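Asks: This is the structure I want to talk about, given as structure tokens.
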Amino acid sequence: MVSNDQRRRQLAREKFLRQQQRREAARRRARMRNAVIASALAVVVTGGAVSYAAGAFDDDGKPKDVASPGPTKKPDPCEKPAGGKVKPLSFKKEPALTIDKSADYAMKLSTTCGDIGLDLSAAKAPHTVNSFNFLVNKGYLEHTKCHRLTAGGIFVLQCGDPKGTGKGGPGYSIPDENLKDKRLKGNVYPAGTVAMANQYSAQEKKGRDTGGSQFFLVYQDSQLPPDYTPFGTISDSGMKVLKKIADAGESTGQGDGAPNATVVINKATVSKS
């Protein structure tokens with residue numbers, strides 16, 4: 001027969017075991033929850049890494065490896081676009097090389113936010129400069145929006161897409177050029193650089209020579225591998241315009257989206273000196 005004291009000890013042991021089981025179950029649930037969270041974070045980080053490796057400046061308009069605090073809508077500092085529509089132009093092949101590689105060329109972007117002057121590197125990037133000389137003379141860039149602003153690791157304004165979606169192009173592609181430019185030190189595109197977007201994937205090592213008409217203007221030193229043709233530099237006055245655009249922020253609040261400023265190229269010109 002079990003005494004009262006033995007019964008109390010037995011009940012205490014059973015209670016202790018139940019407590020231990022509940023604690024262990026809680027620990028298992030916590031471990032599972034943490035594993036799920038860690039897995040989700042890994043997916044986010046991996047996704048960002050893949051996007052970065054695949055190329056921060058391709059022609060699909062997708063966000064790439066940049067982030068900033070929550071959305072803040074700032075006033076539009078720019079004027080209304082001039083009247084007119086984008087010309088629906090497309091060409092079957094790259095234009096014949098007609099520029100003088102020994103000459104100096106300049107491109108002027110008259111935008112709703114102010115004029116952005118570019119000194120073009122004809123000797124170092126002849127195919128790229130020749131392509132813009134051809135497109136600009138056809139009126140290709142007129143009334144097009146600069147559709148993308150990034151802020152956070154990569155600081156650029158992206159333009160040159162007649163569709164304004166990140167997916168437009170002239171119908172032909174041009175080769176990568178000047179990727180060993182001495183200015184691109186330590187995988188940094190310095191402020192004041194103008195370079196081409198393309199569809200190169202560093203992860204797959206595919207997509208070379210896929211530049212079209214989209215280009216980006218670097219308004220602050222940006223950490224990028226040398227995969228994007230640098231073909232010119234931005235004037236001091238142009239940098240002031242870019243700063244105004246950048247200060248207005250972008251639409252998503254995540255550091256990569258459409259600029260809050262209404263950036264439209266009313267007219268573009270290329271001149272030889």
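In the structure tokens, chains take the letters A, B, ... in the order shown, each chain's residues start at 1, and ligands count up from 1 in the order shown.
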Name all residues at most 6 Å from region 113-129 of chain A (count only C-alpha atoms; drop same-chain ones fewer than 4 positions away) and give them as a list in words.

Replies: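 My list of contacting residues is Cys78, Lys101, Tyr105, Ala106, Met107, Lys108, Leu109, Glu177, Asn178, Phe231, Gly232, Thr233, Ile234, Ser235, Gly238 and Val241 of chain A.
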
Asks: Store the residues picked out above in a file with C-alpha atoms, as a PDB file, in the first residue's frame.

Replies:
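Output saved as result-v8.pdb:
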```pdb
ATOM      1  CA  CYS A  78      11.109  69.695 -61.629  1.00  0.00           C
ATOM      2  CA  LYS A 101      37.416  58.606 -82.738  1.00  0.00           C
ATOM      3  CA  TYR A 105      32.034  64.792 -78.455  1.00  0.00           C
ATOM      4  CA  ALA A 106      29.538  66.148 -75.963  1.00  0.00           C
ATOM      5  CA  MET A 107      25.929  65.214 -75.277  1.00  0.00           C
ATOM      6  CA  LYS A 108      23.453  67.627 -73.721  1.00  0.00           C
ATOM      7  CA  LEU A 109      20.312  66.350 -72.034  1.00  0.00           C
ATOM      8  CA  GLU A 177      33.833  48.794 -74.116  1.00  0.00           C
ATOM      9  CA  ASN A 178      36.361  50.436 -71.814  1.00  0.00           C
ATOM     10  CA  PHE A 231      31.600  56.218 -71.845  1.00  0.00           C
ATOM     11  CA  GLY A 232      31.767  59.718 -70.438  1.00  0.00           C
ATOM     12  CA  THR A 233      31.705  62.132 -67.530  1.00  0.00           C
ATOM     13  CA  ILE A 234      29.034  64.465 -66.190  1.00  0.00           C
ATOM     14  CA  SER A 235      29.520  68.237 -66.043  1.00  0.00           C
ATOM     15  CA  GLY A 238      24.836  68.395 -64.464  1.00  0.00           C
ATOM     16  CA  VAL A 241      20.838  68.731 -61.353  1.00  0.00           C
TER      17      VAL A 241
END
```

Asks: Within 8 Å of Ile154 (chain A), counting only C-alpha atoms, which residues qualify if same-chain residues fewer than 6 places away don't, as a PDB file with N, CA and C atoms, in the first residue's frame?

Replies:
```
ATOM      1  N   VAL A  66      19.744  47.096 -53.320  1.00  0.00           N
ATOM      2  CA  VAL A  66      19.826  48.384 -52.664  1.00  0.00           C
ATOM      3  C   VAL A  66      18.679  48.513 -51.690  1.00  0.00           C
ATOM      4  N   GLN A 220      26.882  59.644 -57.027  1.00  0.00           N
ATOM      5  CA  GLN A 220      27.701  59.429 -55.832  1.00  0.00           C
ATOM      6  C   GLN A 220      28.468  58.133 -56.052  1.00  0.00           C
ATOM      7  N   ASP A 221      29.711  58.051 -55.547  1.00  0.00           N
ATOM      8  CA  ASP A 221      30.512  56.840 -55.742  1.00  0.00           C
ATOM      9  C   ASP A 221      29.663  55.602 -55.469  1.00  0.00           C
ATOM     10  N   SER A 222      29.709  54.640 -56.403  1.00  0.00           N
ATOM     11  CA  SER A 222      28.834  53.468 -56.334  1.00  0.00           C
ATOM     12  C   SER A 222      29.629  52.182 -56.469  1.00  0.00           C
ATOM     13  N   GLN A 223      29.365  51.231 -55.562  1.00  0.00           N
ATOM     14  CA  GLN A 223      30.062  49.955 -55.548  1.00  0.00           C
ATOM     15  C   GLN A 223      29.477  49.042 -56.610  1.00  0.00           C
ATOM     16  N   LEU A 224      30.222  48.863 -57.697  1.00  0.00           N
ATOM     17  CA  LEU A 224      29.767  48.053 -58.823  1.00  0.00           C
ATOM     18  C   LEU A 224      30.959  47.361 -59.476  1.00  0.00           C
TER      19      LEU A 224
END
```

Asks: Of the candidates A:Gly253, A:Pro230, A:Gly166, A:Gly212, which shows the shortest atom-to-atom distance to Pro95 (chain A), using only C-alpha atoms?

Replies: A:Gly212

Asks: Please extract the residues of region 178-265 of chain A with a backbone DSSP assignment of strand (DSSP E) and present them as a list in words.

Replies: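 Taking region 178-265 of chain A and keeping strand (DSSP E) only, one gets Val188, Tyr189, Thr193, Val194, Ala195, Met196, Phe215, Phe216, Leu217, Val218, Ser222, Gln223, Pro230, Phe231, Gly232, Thr233, Ile234, Asp256, Gly257, Val264 and Ile265 of chain A.
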
Asks: With N, CA and C atoms retained, could you export that selection as a short mmCIF file (atom, residue, chain, number, x, y, z; two decimals), in the first residue's frame?

Replies:
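Ended up saving to part.cif:
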```cif
data_model
loop_
_atom_site.label_atom_id
_atom_site.label_comp_id
_atom_site.auth_asym_id
_atom_site.auth_seq_id
_atom_site.Cartn_x
_atom_site.Cartn_y
_atom_site.Cartn_z
N VAL A 188 34.49 50.36 -58.03
CA VAL A 188 33.72 51.56 -57.75
C VAL A 188 33.59 52.39 -59.03
N TYR A 189 32.34 52.76 -59.35
CA TYR A 189 32.09 53.73 -60.42
C TYR A 189 32.01 55.09 -59.74
N THR A 193 30.35 59.67 -63.35
CA THR A 193 30.50 58.74 -64.47
C THR A 193 29.16 58.51 -65.16
N VAL A 194 29.19 58.38 -66.48
CA VAL A 194 28.01 57.93 -67.22
C VAL A 194 28.38 56.60 -67.87
N ALA A 195 27.52 55.59 -67.68
CA ALA A 195 27.84 54.24 -68.14
C ALA A 195 26.59 53.55 -68.69
N MET A 196 26.82 52.45 -69.42
CA MET A 196 25.74 51.72 -70.06
C MET A 196 25.12 50.67 -69.15
N PHE A 215 21.19 53.95 -70.11
CA PHE A 215 22.45 54.35 -69.48
C PHE A 215 22.16 54.87 -68.08
N PHE A 216 23.20 54.96 -67.26
CA PHE A 216 22.99 55.48 -65.91
C PHE A 216 24.02 56.55 -65.58
N LEU A 217 23.55 57.53 -64.81
CA LEU A 217 24.34 58.68 -64.39
C LEU A 217 24.66 58.52 -62.91
N VAL A 218 25.93 58.43 -62.57
CA VAL A 218 26.36 58.17 -61.19
C VAL A 218 26.49 59.51 -60.45
N SER A 222 29.71 54.64 -56.40
CA SER A 222 28.83 53.47 -56.33
C SER A 222 29.63 52.18 -56.47
N GLN A 223 29.36 51.23 -55.56
CA GLN A 223 30.06 49.95 -55.55
C GLN A 223 29.48 49.04 -56.61
N PRO A 230 31.80 52.42 -69.23
CA PRO A 230 31.85 53.85 -68.91
C PRO A 230 32.19 54.61 -70.18
N PHE A 231 31.35 55.56 -70.56
CA PHE A 231 31.60 56.22 -71.85
C PHE A 231 31.61 57.74 -71.76
N GLY A 232 31.69 58.28 -70.55
CA GLY A 232 31.77 59.72 -70.44
C GLY A 232 31.71 60.19 -69.00
N THR A 233 31.77 61.52 -68.86
CA THR A 233 31.71 62.13 -67.53
C THR A 233 30.64 63.23 -67.54
N ILE A 234 30.13 63.51 -66.35
CA ILE A 234 29.03 64.46 -66.19
C ILE A 234 29.60 65.82 -65.78
N ASP A 256 15.24 51.90 -54.45
CA ASP A 256 15.30 51.56 -55.87
C ASP A 256 13.90 51.63 -56.46
N GLY A 257 13.65 52.67 -57.23
CA GLY A 257 12.34 52.82 -57.83
C GLY A 257 12.30 54.02 -58.75
N VAL A 264 12.22 64.08 -67.27
CA VAL A 264 11.94 63.78 -68.67
C VAL A 264 12.95 64.52 -69.53
N ILE A 265 13.52 63.81 -70.50
CA ILE A 265 14.44 64.44 -71.43
C ILE A 265 13.61 65.11 -72.53
#
```

Asks: If you measure from CA of Val86 (chain A) to CA of Gln158 (chain A), what distance in Å do you get, rounded to one decimal?

Replies: 17.0 Å

Asks: I need the residues in region 46-181 of chain A that are helix (DSSP H, G or I) according to DSSP; give them as a list in words.

Replies: Thr46, Gly47, Gly48, Ala49, Val50, Ser51, Tyr52, Ala53, Ala54, Pro126, His127, Thr128, Val129, Asn130, Ser131, Phe132, Asn133, Phe134, Leu135, Val136 and Asn137 of chain A

Asks: From the set A:Thr98, A:Asn133, A:Thr150, A:Gln21, which residue has the shortest atom-to-atom contact distance to Ala258 (chain A), counting only C-alpha atoms?

Replies: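 Nearest to Ala258 (chain A): A:Thr150.
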
Asks: A:Thr229, A:Thr269, A:Asn187, A:Gln214: which is nearest Glu142 (chain A), counting only C-alpha atoms?

Replies: A:Thr269
